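query_18.cif follows; it contains mmCIF, C-alpha atoms and all ligand atoms.
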data_upload
#
loop_
_atom_site.label_atom_id
_atom_site.label_comp_id
_atom_site.auth_asym_id
_atom_site.auth_seq_id
_atom_site.Cartn_x
_atom_site.Cartn_y
_atom_site.Cartn_z
CA MET A 1 0.00 0.00 0.00
CA THR A 2 1.51 3.28 -1.04
CA SER A 3 1.22 6.31 1.22
CA ILE A 4 1.39 10.05 0.76
CA GLU A 5 4.93 11.11 1.65
CA SER A 6 4.60 14.83 1.09
CA PHE A 7 2.47 17.47 -0.55
CA ALA A 8 2.67 21.05 -1.67
CA ILE A 9 0.03 23.71 -2.11
CA LEU A 10 0.31 25.19 -5.58
CA GLU A 11 0.47 28.86 -6.47
CA ASP A 12 -2.12 31.02 -4.64
CA GLY A 13 -3.87 27.88 -3.41
CA SER A 14 -5.09 27.06 -6.93
CA GLY A 15 -4.32 23.39 -6.36
CA LEU A 16 -2.36 20.78 -4.51
CA GLU A 17 0.34 18.33 -5.56
CA ALA A 18 0.72 15.10 -3.60
CA HIS A 19 3.73 12.79 -3.71
CA TRP A 20 3.33 9.08 -2.98
CA SER A 21 5.89 6.60 -1.66
CA ASP A 22 5.98 4.76 -5.01
CA GLY A 23 7.22 7.88 -6.78
CA VAL A 24 3.89 9.00 -8.22
CA SER A 25 3.08 12.72 -8.04
CA LEU A 26 -0.36 14.04 -8.91
CA ARG A 27 -1.85 17.53 -9.05
CA PHE A 28 -5.44 18.39 -8.19
CA HIS A 29 -7.22 21.70 -8.69
CA ALA A 30 -8.85 23.40 -5.70
CA ILE A 31 -12.23 23.64 -7.44
CA TRP A 32 -12.09 19.95 -8.41
CA LEU A 33 -11.28 18.88 -4.86
CA ARG A 34 -14.01 21.05 -3.37
CA ASP A 35 -16.61 19.82 -5.84
CA ASN A 36 -15.70 16.23 -5.04
CA ALA A 37 -15.62 16.66 -1.29
CA LEU A 38 -16.65 13.46 0.48
CA ASP A 39 -18.17 14.96 3.62
CA ALA A 40 -21.78 14.52 4.68
CA GLU A 41 -22.69 18.14 3.81
CA THR A 42 -21.59 17.59 0.22
CA ARG A 43 -22.72 14.00 -0.32
CA TRP A 44 -25.63 12.15 1.26
CA PRO A 45 -24.04 9.41 3.36
CA GLY A 46 -26.63 6.77 2.51
CA ASN A 47 -26.50 6.89 -1.27
CA GLY A 48 -23.41 8.97 -2.04
CA GLN A 49 -25.33 11.44 -4.20
CA ARG A 50 -24.12 15.03 -4.32
CA LEU A 51 -26.22 17.48 -2.30
CA ILE A 52 -24.83 20.69 -3.77
CA THR A 53 -24.55 22.26 -7.19
CA LEU A 54 -21.47 23.97 -8.54
CA ASP A 55 -23.20 27.28 -7.89
CA ASP A 56 -23.02 26.53 -4.15
CA ILE A 57 -19.23 26.58 -4.34
CA PRO A 58 -17.60 30.03 -4.33
CA ARG A 59 -16.08 30.96 -7.68
CA ASP A 60 -12.82 31.99 -5.98
CA THR A 61 -12.39 28.72 -4.08
CA ARG A 62 -8.77 27.99 -3.24
CA ILE A 63 -6.80 25.83 -0.85
CA LYS A 64 -5.99 27.66 2.34
CA GLY A 65 -4.07 24.86 4.01
CA ALA A 66 -3.56 21.11 4.16
CA GLU A 67 -2.25 18.64 6.68
CA GLY A 68 -1.78 14.94 7.04
CA GLY A 69 -0.05 12.44 4.83
CA GLY A 70 0.17 8.70 4.88
CA ALA A 71 -3.35 7.41 4.25
CA GLU A 72 -5.17 10.73 3.86
CA LEU A 73 -4.97 14.49 3.53
CA ALA A 74 -7.14 17.08 5.27
CA VAL A 75 -7.62 20.04 2.96
CA THR A 76 -9.03 23.39 4.08
CA PHE A 77 -10.74 25.55 1.49
CA ALA A 78 -11.10 29.34 1.43
CA PRO A 79 -13.24 31.37 1.55
CA GLU A 80 -15.58 28.77 3.14
CA GLY A 81 -13.06 27.76 5.80
CA LYS A 82 -14.26 24.19 5.26
CA THR A 83 -11.95 21.22 5.91
CA VAL A 84 -12.42 17.99 3.96
CA ARG A 85 -10.57 14.68 4.30
CA PHE A 86 -9.45 12.87 1.16
CA PRO A 87 -8.17 9.27 1.40
CA GLY A 88 -4.98 8.84 -0.61
CA ALA A 89 -6.41 5.76 -2.32
CA TRP A 90 -9.44 7.77 -3.44
CA LEU A 91 -7.17 10.46 -4.88
CA ARG A 92 -5.20 7.83 -6.79
CA THR A 93 -8.32 6.16 -8.17
CA ASN A 94 -9.78 9.44 -9.38
CA ALA A 95 -6.60 11.16 -10.57
CA TYR A 96 -6.65 13.07 -13.86
CA ASP A 97 -3.11 14.51 -14.01
CA ARG A 98 -1.90 12.54 -17.06
CA LYS A 99 1.25 13.49 -18.87
CA ALA A 100 0.57 12.07 -22.32
CA ARG A 101 -2.30 12.74 -24.67
CA ARG A 102 -3.89 9.56 -25.96
CA SER A 103 -4.07 8.85 -29.66
CA PRO A 104 -7.37 8.39 -31.56
CA GLY A 105 -8.76 4.88 -31.19
CA TRP A 106 -7.29 4.16 -27.76
CA ILE A 107 -9.05 1.37 -25.92
CA ALA A 108 -9.98 1.20 -22.25
CA PRO A 109 -7.57 -1.00 -20.28
CA ARG A 110 -10.26 -3.42 -19.14
CA ILE A 111 -10.90 -4.41 -22.73
CA GLU A 112 -8.83 -7.08 -24.45
CA THR A 113 -9.18 -7.29 -28.21
CA TRP A 114 -8.95 -10.65 -29.98
CA ASP A 115 -9.07 -12.37 -33.33
CA GLY A 116 -9.46 -15.94 -34.58
CA GLY A 117 -6.40 -16.86 -32.51
CA LEU A 118 -8.76 -17.28 -29.57
CA GLY A 119 -9.51 -20.63 -31.21
CA ALA A 120 -11.33 -22.95 -28.88
CA ASN A 121 -10.55 -20.83 -25.80
CA LEU A 122 -13.83 -19.00 -25.96
CA PRO A 123 -15.15 -17.37 -22.81
CA ASP A 124 -17.83 -19.70 -21.56
CA GLY A 125 -20.07 -20.33 -18.58
CA ASP A 126 -22.53 -22.92 -17.30
CA PHE A 127 -26.06 -21.66 -16.81
CA ARG A 128 -26.62 -24.12 -13.96
CA ALA A 129 -23.82 -22.51 -11.92
CA MET A 130 -24.99 -18.91 -12.33
CA ALA A 131 -26.43 -18.32 -8.86
CA PRO A 132 -26.81 -14.66 -7.82
CA GLY A 133 -23.56 -13.44 -6.27
CA SER A 134 -21.62 -16.51 -7.40
CA THR A 135 -18.05 -16.49 -8.63
CA GLU A 136 -19.26 -18.19 -11.82
CA LEU A 137 -21.64 -15.32 -12.55
CA HIS A 138 -18.94 -12.78 -11.81
CA ASP A 139 -16.47 -14.49 -14.12
CA TRP A 140 -18.98 -14.78 -16.94
CA LEU A 141 -19.98 -11.10 -16.73
CA ALA A 142 -16.32 -10.08 -16.49
CA ALA A 143 -15.63 -12.04 -19.68
CA VAL A 144 -18.36 -10.09 -21.48
CA ARG A 145 -16.75 -6.85 -20.33
CA ARG A 146 -13.26 -7.97 -21.38
CA TYR A 147 -13.94 -9.84 -24.63
CA GLY A 148 -17.29 -8.37 -25.66
CA PHE A 149 -18.95 -11.78 -25.73
CA ALA A 150 -19.33 -15.04 -23.87
CA LYS A 151 -21.01 -18.36 -24.52
CA LEU A 152 -23.32 -20.04 -22.04
CA SER A 153 -24.13 -23.74 -21.96
CA GLY A 154 -26.38 -25.92 -19.88
CA GLY A 155 -29.55 -23.88 -20.27
CA PRO A 156 -33.06 -25.33 -20.56
CA VAL A 157 -34.31 -26.23 -24.03
CA GLU A 158 -37.58 -24.36 -23.87
CA SER A 159 -39.06 -21.38 -25.65
CA GLY A 160 -38.33 -18.14 -23.80
CA ALA A 161 -35.36 -19.54 -21.88
CA LEU A 162 -33.25 -16.63 -23.16
CA LEU A 163 -35.15 -14.36 -20.76
CA LYS A 164 -33.54 -16.28 -17.91
CA VAL A 165 -30.13 -15.40 -19.34
CA ALA A 166 -31.01 -11.69 -19.41
CA ALA A 167 -32.35 -11.95 -15.86
CA LEU A 168 -28.90 -13.04 -14.65
CA PHE A 169 -27.73 -9.42 -14.91
CA GLY A 170 -30.52 -7.07 -15.92
CA TYR A 171 -33.51 -6.53 -18.13
CA VAL A 172 -34.65 -7.20 -21.66
CA ARG A 173 -34.95 -4.26 -24.00
CA GLU A 174 -38.18 -4.73 -25.89
CA THR A 175 -38.39 -3.48 -29.49
CA ASN A 176 -40.74 -3.66 -32.46
CA TYR A 177 -39.45 -7.25 -32.87
CA GLY A 178 -41.00 -8.02 -29.50
CA GLU A 179 -39.66 -9.01 -26.10
CA TRP A 180 -37.75 -11.61 -28.04
CA PHE A 181 -37.74 -12.71 -31.67
CA GLU A 182 -37.61 -16.01 -33.49
CA VAL A 183 -34.61 -16.59 -35.75
CA ARG A 184 -35.70 -19.31 -38.17
CA THR A 185 -36.68 -19.52 -41.79
CA GLU A 186 -39.91 -17.78 -42.69
CA VAL A 187 -41.73 -17.74 -46.04
CA ASN A 188 -42.17 -13.94 -46.22
CA PRO A 189 -39.52 -12.67 -43.85
CA THR A 190 -39.70 -9.15 -42.41
CA ASN A 191 -35.94 -9.38 -41.93
CA LEU A 192 -33.26 -11.33 -43.82
CA ALA A 193 -32.24 -12.82 -40.47
CA TYR A 194 -35.36 -14.98 -40.80
CA THR A 195 -34.07 -16.83 -43.88
CA GLY A 196 -31.42 -19.46 -44.50
CA LEU A 197 -29.11 -16.92 -46.12
CA GLY A 198 -25.62 -16.40 -44.79
CA LEU A 199 -25.24 -13.01 -43.11
CA GLN A 200 -22.12 -10.86 -43.25
CA ALA A 201 -20.70 -9.96 -39.88
CA HIS A 202 -22.72 -7.08 -38.49
CA THR A 203 -23.88 -5.29 -35.42
CA ASP A 204 -27.61 -5.42 -34.85
CA ASN A 205 -30.05 -2.58 -35.29
CA PRO A 206 -27.70 0.33 -36.04
CA TYR A 207 -30.88 2.12 -37.16
CA ARG A 208 -31.86 2.55 -33.51
CA ASP A 209 -30.59 5.40 -31.39
CA PRO A 210 -29.40 4.27 -28.97
CA VAL A 211 -28.64 0.84 -30.36
CA PRO A 212 -29.39 -2.19 -28.22
CA THR A 213 -26.09 -2.64 -26.44
CA LEU A 214 -26.34 -6.38 -25.78
CA GLN A 215 -27.80 -9.22 -27.78
CA ILE A 216 -28.51 -12.75 -26.60
CA LEU A 217 -28.95 -15.52 -29.16
CA TYR A 218 -30.27 -18.76 -27.72
CA CYS A 219 -30.39 -22.10 -29.52
CA LEU A 220 -33.39 -24.42 -29.31
CA GLU A 221 -32.76 -26.56 -32.42
CA ASN A 222 -29.78 -26.75 -34.72
CA SER A 223 -29.74 -29.93 -36.76
CA ALA A 224 -29.60 -28.20 -40.17
CA GLU A 225 -26.40 -28.31 -42.15
CA GLY A 226 -24.43 -25.10 -41.68
CA GLY A 227 -25.78 -22.19 -39.68
CA ASP A 228 -22.59 -21.80 -37.63
CA SER A 229 -22.27 -18.61 -35.62
CA MET A 230 -19.23 -16.43 -36.27
CA LEU A 231 -18.02 -13.52 -34.14
CA VAL A 232 -15.57 -10.76 -35.01
CA ASP A 233 -14.11 -8.23 -32.59
CA GLY A 234 -14.95 -4.88 -34.15
CA PHE A 235 -12.47 -3.14 -31.86
CA ARG A 236 -9.65 -5.35 -33.18
CA ALA A 237 -10.80 -4.49 -36.71
CA VAL A 238 -10.59 -0.78 -35.84
CA GLU A 239 -7.10 -1.29 -34.44
CA ARG A 240 -6.01 -2.90 -37.70
CA LEU A 241 -7.58 -0.14 -39.76
CA ARG A 242 -5.96 2.55 -37.61
CA ASP A 243 -2.53 0.90 -37.83
CA GLU A 244 -2.80 0.54 -41.62
CA ASP A 245 -4.24 3.94 -42.36
CA PRO A 246 -4.97 6.51 -39.63
CA ARG A 247 -6.90 8.66 -42.13
CA ALA A 248 -9.33 5.79 -42.73
CA LEU A 249 -10.12 5.82 -39.02
CA ALA A 250 -10.47 9.60 -39.10
CA LEU A 251 -12.94 9.38 -42.01
CA LEU A 252 -15.16 6.64 -40.56
CA SER A 253 -15.16 8.20 -37.09
CA GLY A 254 -15.35 11.81 -38.27
CA HIS A 255 -18.49 11.56 -40.36
CA CYS A 256 -21.91 10.14 -39.69
CA ALA A 257 -23.29 7.27 -41.71
CA ARG A 258 -27.01 6.67 -41.83
CA PHE A 259 -28.99 3.50 -41.19
CA GLU A 260 -32.63 2.63 -41.73
CA TYR A 261 -35.18 -0.13 -41.38
CA SER A 262 -38.74 -0.10 -42.61
CA GLY A 263 -39.34 -3.79 -43.23
CA SER A 264 -42.62 -4.10 -41.40
CA ALA A 265 -45.80 -2.05 -41.27
CA GLY A 266 -45.76 0.99 -39.04
CA VAL A 267 -41.98 0.95 -38.54
CA ARG A 268 -39.56 3.49 -40.04
CA LEU A 269 -36.41 3.53 -37.95
CA THR A 270 -33.54 5.81 -38.92
CA SER A 271 -30.31 6.90 -37.30
CA ARG A 272 -27.36 9.15 -38.13
CA ARG A 273 -24.24 7.96 -36.36
CA PRO A 274 -20.63 7.14 -37.32
CA MET A 275 -19.58 3.58 -38.19
CA ILE A 276 -16.71 3.97 -35.75
CA GLU A 277 -17.54 6.03 -32.70
CA LEU A 278 -14.84 7.73 -30.65
CA ALA A 279 -15.31 9.70 -27.46
CA PRO A 280 -14.17 13.35 -27.64
CA ASP A 281 -10.77 12.26 -26.24
CA GLY A 282 -10.38 9.56 -28.90
CA GLU A 283 -11.45 6.51 -26.90
CA LEU A 284 -12.96 3.84 -29.11
CA ILE A 285 -16.48 3.35 -27.78
CA GLY A 286 -18.54 1.81 -30.54
CA VAL A 287 -18.82 0.16 -33.93
CA ARG A 288 -21.87 0.12 -36.19
CA PHE A 289 -21.60 -2.06 -39.25
CA ASN A 290 -24.51 -3.59 -41.11
CA ASN A 291 -24.72 -3.79 -44.89
CA ARG A 292 -28.41 -4.73 -44.81
CA SER A 293 -29.53 -1.56 -43.12
CA ALA A 294 -27.01 1.00 -44.41
CA ALA A 295 -28.87 3.99 -45.84
CA PRO A 296 -27.45 6.46 -48.37
CA ILE A 297 -24.56 8.31 -46.77
CA THR A 298 -25.30 12.01 -47.07
CA ASP A 299 -23.06 13.62 -44.49
CA VAL A 300 -19.61 13.20 -46.01
CA PRO A 301 -18.36 16.20 -48.02
CA TYR A 302 -18.11 15.61 -51.75
CA GLU A 303 -14.30 15.96 -51.65
CA ASP A 304 -14.03 13.20 -49.04
CA MET A 305 -16.64 10.71 -50.30
CA ALA A 306 -14.30 8.66 -52.53
CA ASP A 307 -11.80 8.28 -49.69
CA TYR A 308 -14.63 7.56 -47.25
CA TYR A 309 -15.81 4.72 -49.47
CA ALA A 310 -12.26 3.36 -49.72
CA ALA A 311 -12.04 3.38 -45.92
CA TYR A 312 -15.49 1.76 -45.63
CA ARG A 313 -14.46 -0.95 -48.10
CA ARG A 314 -11.19 -1.61 -46.27
CA PHE A 315 -12.95 -1.77 -42.91
CA GLY A 316 -15.31 -4.39 -44.37
CA GLU A 317 -12.40 -6.37 -45.82
CA ILE A 318 -10.73 -6.49 -42.41
CA ILE A 319 -14.00 -7.59 -40.78
CA ASP A 320 -14.42 -10.32 -43.43
CA ASP A 321 -10.81 -11.52 -43.14
CA PRO A 322 -11.12 -15.16 -41.96
CA VAL A 323 -8.28 -14.70 -39.45
CA MET A 324 -10.51 -12.27 -37.53
CA ALA A 325 -13.37 -14.64 -36.74
CA VAL A 326 -14.10 -17.24 -34.13
CA GLY A 327 -16.80 -19.74 -35.04
CA PHE A 328 -18.91 -22.32 -33.30
CA LYS A 329 -22.15 -24.17 -33.76
CA LEU A 330 -24.63 -23.73 -30.95
CA GLU A 331 -26.30 -26.82 -29.55
CA PRO A 332 -29.79 -26.75 -28.04
CA GLY A 333 -29.61 -25.08 -24.61
CA GLU A 334 -26.52 -23.11 -25.57
CA SER A 335 -26.45 -19.39 -26.16
CA PHE A 336 -24.10 -16.49 -26.51
CA ILE A 337 -24.22 -12.86 -25.53
CA VAL A 338 -22.47 -10.12 -27.50
CA ASP A 339 -21.67 -6.51 -26.77
CA ASN A 340 -23.52 -5.11 -29.77
CA THR A 341 -21.50 -1.88 -29.66
CA ARG A 342 -18.30 -3.85 -30.26
CA VAL A 343 -18.55 -7.46 -31.44
CA LEU A 344 -20.04 -8.29 -34.82
CA HIS A 345 -21.89 -11.53 -35.41
CA ALA A 346 -22.35 -13.48 -38.61
CA ARG A 347 -24.06 -16.65 -39.70
CA LYS A 348 -23.11 -19.19 -42.29
CA GLY A 349 -25.93 -20.11 -44.64
CA TYR A 350 -27.90 -23.22 -43.85
CA CYS A 351 -30.20 -25.50 -45.78
CA GLY A 352 -31.26 -29.07 -46.32
CA THR A 353 -32.80 -31.39 -43.84
CA GLY A 354 -33.01 -30.66 -40.15
CA SER A 355 -34.00 -27.44 -38.51
CA ARG A 356 -32.46 -24.34 -37.02
CA TRP A 357 -34.35 -22.41 -34.38
CA LEU A 358 -32.78 -19.68 -32.35
CA GLN A 359 -34.41 -17.02 -30.24
CA GLY A 360 -32.86 -13.61 -29.78
CA CYS A 361 -33.39 -10.66 -27.49
CA TYR A 362 -31.72 -7.41 -26.56
CA ALA A 363 -30.61 -6.12 -23.19
CA ASP A 364 -28.59 -3.22 -21.84
CA LYS A 365 -24.85 -3.23 -21.20
CA ASP A 366 -25.05 -0.63 -18.45
CA GLY A 367 -27.15 -3.08 -16.43
CA LEU A 368 -24.64 -5.86 -16.97
CA LEU A 369 -21.72 -3.63 -16.00
CA SER A 370 -23.65 -2.42 -12.96
CA THR A 371 -24.30 -5.97 -11.76
CA LEU A 372 -20.65 -6.83 -12.32
CA SER A 373 -19.42 -3.72 -10.55
CA ALA A 374 -21.68 -4.37 -7.57
CA LEU A 375 -20.39 -7.94 -7.38
CA GLU A 376 -16.84 -6.59 -7.41
CA SER A 377 -17.27 -3.84 -4.86
CA LYS A 378 -19.96 -5.37 -2.66
CA VAL A 379 -20.95 -1.74 -2.05
CA THR A 380 -24.68 -1.21 -1.90
CA GLY A 381 -24.71 2.59 -1.91
CA ALA A 382 -25.34 4.01 -5.35
CA VAL A 383 -24.26 7.19 -7.04
CA GLY A 384 -26.55 8.07 -9.89
CA GLU A 385 -28.89 10.44 -11.66
FE FE2 B 1 -27.93 -10.04 -36.20
#
Take the structure from the file and write it as structure tokens.
Amino acid sequence: MTSIESFAILEDGSGLEAHWSDGVSLRFHAIWLRDNALDAETRWPGNGQRLITLDDIPRDTRIKGAEGGGAELAVTFAPEGKTVRFPGAWLRTNAYDRKARRSPGWIAPRIETWDGGLGANLPDGDFRAMAPGSTELHDWLAAVRRYGFAKLSGGPVESGALLKVAALFGYVRETNYGEWFEVRTEVNPTNLAYTGLGLQAHTDNPYRDPVPTLQILYCLENSAEGGDSMLVDGFRAVERLRDEDPRALALLSGHCARFEYSGSAGVRLTSRRPMIELAPDGELIGVRFNNRSAAPITDVPYEDMADYYAAYRRFGEIIDDPVMAVGFKLEPGESFIVDNTRVLHARKGYCGTGSRWLQGCYADKDGLLSTLSALESKVTGAVGE
């Protein structure tokens, strides 16, 4: 455990710099520290929610003095004359004093990108072991966070069983396709998913805003020839594109594409979002890729459209590169969950004798991450709204 060895108040009390025993030094602004004060007048002890607005903090807030060291610092603010204690570990966890700017397409450290080299080592879990609070549930949810997908075996072979998978961590997101939808061959399909055609790797429903962030596909029958499920890590595809051609990343992340679906009566869904979505600081946060629902792209300047299309084509080639995919054939009672903002799924065509019957539903990633985080911290108090 590192401890605070020394600290210094910065010019005119505008901030504070703390030095830890492991050699780390971090600066914090006075206004930032005051806004994030942990005392009971600033945050409700029961739920951790902030009781004040920024307007309650004097504009000329500065640090008047500080004392302590080791495990915590006590900081006194002027003009309020208020003293607040900050644990050193809390300061480290919430530090923002980074030296280097991050380059476009950087990926959060908890995420591990992959390609077909994963082979048979696919993240997997056993439905029968997924008791609330169990290590098995934790590990399965953590795999979804890290790899963007996980398989699940040992589930019941009964219609609607996929709802029990969603209930392990959160709630189903209902759409115009229903609480869940049937994925099997139909005579007059409202969606090409309901045919025996192969489907290029895609994310689902990019025509929604926001998109469904998780999808569960659950197998009830799969005796037809073919119909294997394939998954591709869209974040790895973005990494490859960025490394080959940074401008291609800039084009696909810097302009909105458009997506649409109007395949059934009373439904006309449209969205305008980039195929590769970066946060304002360049973090890679989402991929939308779906040839079936791509609408005319109208928001790329004429001078850039040819290059945009070249980047779009190359991104698709990387996604289709066989070395990128992992594949498996689901057996009845098996399912998989994908982070639909990251991992693309595909299906090989199927035909002939036998049958293929999957059920699919959507759910929300924030709920999954919340359940996982609560399992990790065992803290019941919430900070929200
Ligand atoms: Fe799909």
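Between CA of Arg146 in chain A and CA of Val338 in chain A lies a distance of 11.3 Å.
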Contact table chain A vs ligand FE2 1 (chain B), cut-off 9 Å, shortest pair per residue, only C-alpha atoms and all ligand atoms, as CSV:
residue,atom,partner,partner_atom,distance
A:Ala193,CA,B:FE2_1,FE,6.7
A:Leu199,CA,B:FE2_1,FE,8.0
A:Ala201,CA,B:FE2_1,FE,8.1
A:His202,CA,B:FE2_1,FE,6.4
A:Thr203,CA,B:FE2_1,FE,6.3
A:Asp204,CA,B:FE2_1,FE,4.8
A:Asn205,CA,B:FE2_1,FE,7.8
A:Gln215,CA,B:FE2_1,FE,8.5
A:Leu217,CA,B:FE2_1,FE,9.0
A:Asn290,CA,B:FE2_1,FE,8.8
A:Leu344,CA,B:FE2_1,FE,8.2
A:His345,CA,B:FE2_1,FE,6.3
A:Ala346,CA,B:FE2_1,FE,7.0
A:Arg347,CA,B:FE2_1,FE,8.4
A:Gly360,CA,B:FE2_1,FE,8.8
| field | Neighbours of point (-25.4, -29.7, -45.3) within 10 Å, using all atoms listed in the file, written as a ChimeraX atom specification | value | /A:223-227,349-354
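Atom pair CA of Cys256 in chain A / CA of Ala237 in chain A: separated by 18.6 Å.
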| said: Taking 2 positions as the minimum chain separation for residues in the same chain, which residues sit within 7 Å of range 116-120 of chain A when counting all atoms listed in the file? Answer as a ChimeraX atom specification. | reply: /A:114,122,323-326
| Shell around Asp245 in chain A at 12 Å using only C-alpha atoms, local window under 2 positions removed, as a ChimeraX atom specification | /A:238-243,247-252,307,310-312,314-315
Would you fill the gaps in range 99-118 of chain A so it has N, CA and C atoms, then print it as a PDB file, in the coordinates of the input?
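Result file follows (rebuild.pdb):
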ATOM      1  N   LYS A  99       0.229  12.775 -18.118  1.00  0.00           N
ATOM      2  CA  LYS A  99       1.250  13.490 -18.870  1.00  0.00           C
ATOM      3  C   LYS A  99       0.980  13.439 -20.382  1.00  0.00           C
ATOM      4  N   ALA A 100       0.637  12.251 -20.863  1.00  0.00           N
ATOM      5  CA  ALA A 100       0.570  12.070 -22.320  1.00  0.00           C
ATOM      6  C   ALA A 100      -0.864  12.168 -22.830  1.00  0.00           C
ATOM      7  N   ARG A 101      -1.013  12.769 -23.991  1.00  0.00           N
ATOM      8  CA  ARG A 101      -2.300  12.740 -24.670  1.00  0.00           C
ATOM      9  C   ARG A 101      -2.464  11.368 -25.314  1.00  0.00           C
ATOM     10  N   ARG A 102      -3.679  10.883 -25.369  1.00  0.00           N
ATOM     11  CA  ARG A 102      -3.890   9.560 -25.960  1.00  0.00           C
ATOM     12  C   ARG A 102      -4.264   9.713 -27.427  1.00  0.00           C
ATOM     13  N   SER A 103      -3.861   8.736 -28.215  1.00  0.00           N
ATOM     14  CA  SER A 103      -4.070   8.850 -29.660  1.00  0.00           C
ATOM     15  C   SER A 103      -5.462   8.326 -30.038  1.00  0.00           C
ATOM     16  N   PRO A 104      -6.027   8.810 -31.149  1.00  0.00           N
ATOM     17  CA  PRO A 104      -7.370   8.390 -31.560  1.00  0.00           C
ATOM     18  C   PRO A 104      -7.473   6.866 -31.671  1.00  0.00           C
ATOM     19  N   GLY A 105      -8.545   6.323 -31.126  1.00  0.00           N
ATOM     20  CA  GLY A 105      -8.760   4.880 -31.190  1.00  0.00           C
ATOM     21  C   GLY A 105      -8.221   4.137 -29.980  1.00  0.00           C
ATOM     22  N   TRP A 106      -7.783   4.874 -28.946  1.00  0.00           N
ATOM     23  CA  TRP A 106      -7.290   4.160 -27.760  1.00  0.00           C
ATOM     24  C   TRP A 106      -8.434   3.385 -27.107  1.00  0.00           C
ATOM     25  N   ILE A 107      -8.053   2.305 -26.454  1.00  0.00           N
ATOM     26  CA  ILE A 107      -9.050   1.370 -25.920  1.00  0.00           C
ATOM     27  C   ILE A 107      -8.888   1.250 -24.417  1.00  0.00           C
ATOM     28  N   ALA A 108      -9.995   1.267 -23.717  1.00  0.00           N
ATOM     29  CA  ALA A 108      -9.980   1.200 -22.250  1.00  0.00           C
ATOM     30  C   ALA A 108      -9.205  -0.032 -21.784  1.00  0.00           C
ATOM     31  N   PRO A 109      -8.445   0.099 -20.701  1.00  0.00           N
ATOM     32  CA  PRO A 109      -7.570  -1.000 -20.280  1.00  0.00           C
ATOM     33  C   PRO A 109      -8.285  -2.288 -19.894  1.00  0.00           C
ATOM     34  N   ARG A 110      -9.554  -2.195 -19.514  1.00  0.00           N
ATOM     35  CA  ARG A 110     -10.260  -3.420 -19.140  1.00  0.00           C
ATOM     36  C   ARG A 110     -10.634  -4.275 -20.344  1.00  0.00           C
ATOM     37  N   ILE A 111     -10.477  -3.704 -21.529  1.00  0.00           N
ATOM     38  CA  ILE A 111     -10.900  -4.410 -22.730  1.00  0.00           C
ATOM     39  C   ILE A 111      -9.693  -5.093 -23.372  1.00  0.00           C
ATOM     40  N   GLU A 112      -9.888  -6.346 -23.770  1.00  0.00           N
ATOM     41  CA  GLU A 112      -8.830  -7.080 -24.450  1.00  0.00           C
ATOM     42  C   GLU A 112      -9.349  -7.474 -25.828  1.00  0.00           C
ATOM     43  N   THR A 113      -8.703  -6.952 -26.873  1.00  0.00           N
ATOM     44  CA  THR A 113      -9.180  -7.290 -28.210  1.00  0.00           C
ATOM     45  C   THR A 113      -8.628  -8.650 -28.625  1.00  0.00           C
ATOM     46  N   TRP A 114      -9.278  -9.273 -29.599  1.00  0.00           N
ATOM     47  CA  TRP A 114      -8.950 -10.650 -29.980  1.00  0.00           C
ATOM     48  C   TRP A 114      -9.237 -10.837 -31.461  1.00  0.00           C
ATOM     49  N   ASP A 115      -8.710 -11.959 -31.975  1.00  0.00           N
ATOM     50  CA  ASP A 115      -9.070 -12.370 -33.330  1.00  0.00           C
ATOM     51  C   ASP A 115      -9.268 -13.885 -33.326  1.00  0.00           C
ATOM     52  N   GLY A 116      -9.211 -14.502 -34.499  1.00  0.00           N
ATOM     53  CA  GLY A 116      -9.460 -15.940 -34.580  1.00  0.00           C
ATOM     54  C   GLY A 116      -8.489 -16.764 -33.763  1.00  0.00           C
ATOM     55  N   GLY A 117      -7.377 -16.162 -33.342  1.00  0.00           N
ATOM     56  CA  GLY A 117      -6.400 -16.860 -32.510  1.00  0.00           C
ATOM     57  C   GLY A 117      -6.962 -17.317 -31.171  1.00  0.00           C
ATOM     58  N   LEU A 118      -8.117 -16.779 -30.787  1.00  0.00           N
ATOM     59  CA  LEU A 118      -8.760 -17.280 -29.570  1.00  0.00           C
ATOM     60  C   LEU A 118      -9.055 -18.774 -29.684  1.00  0.00           C
TER      61      LEU A 118
END
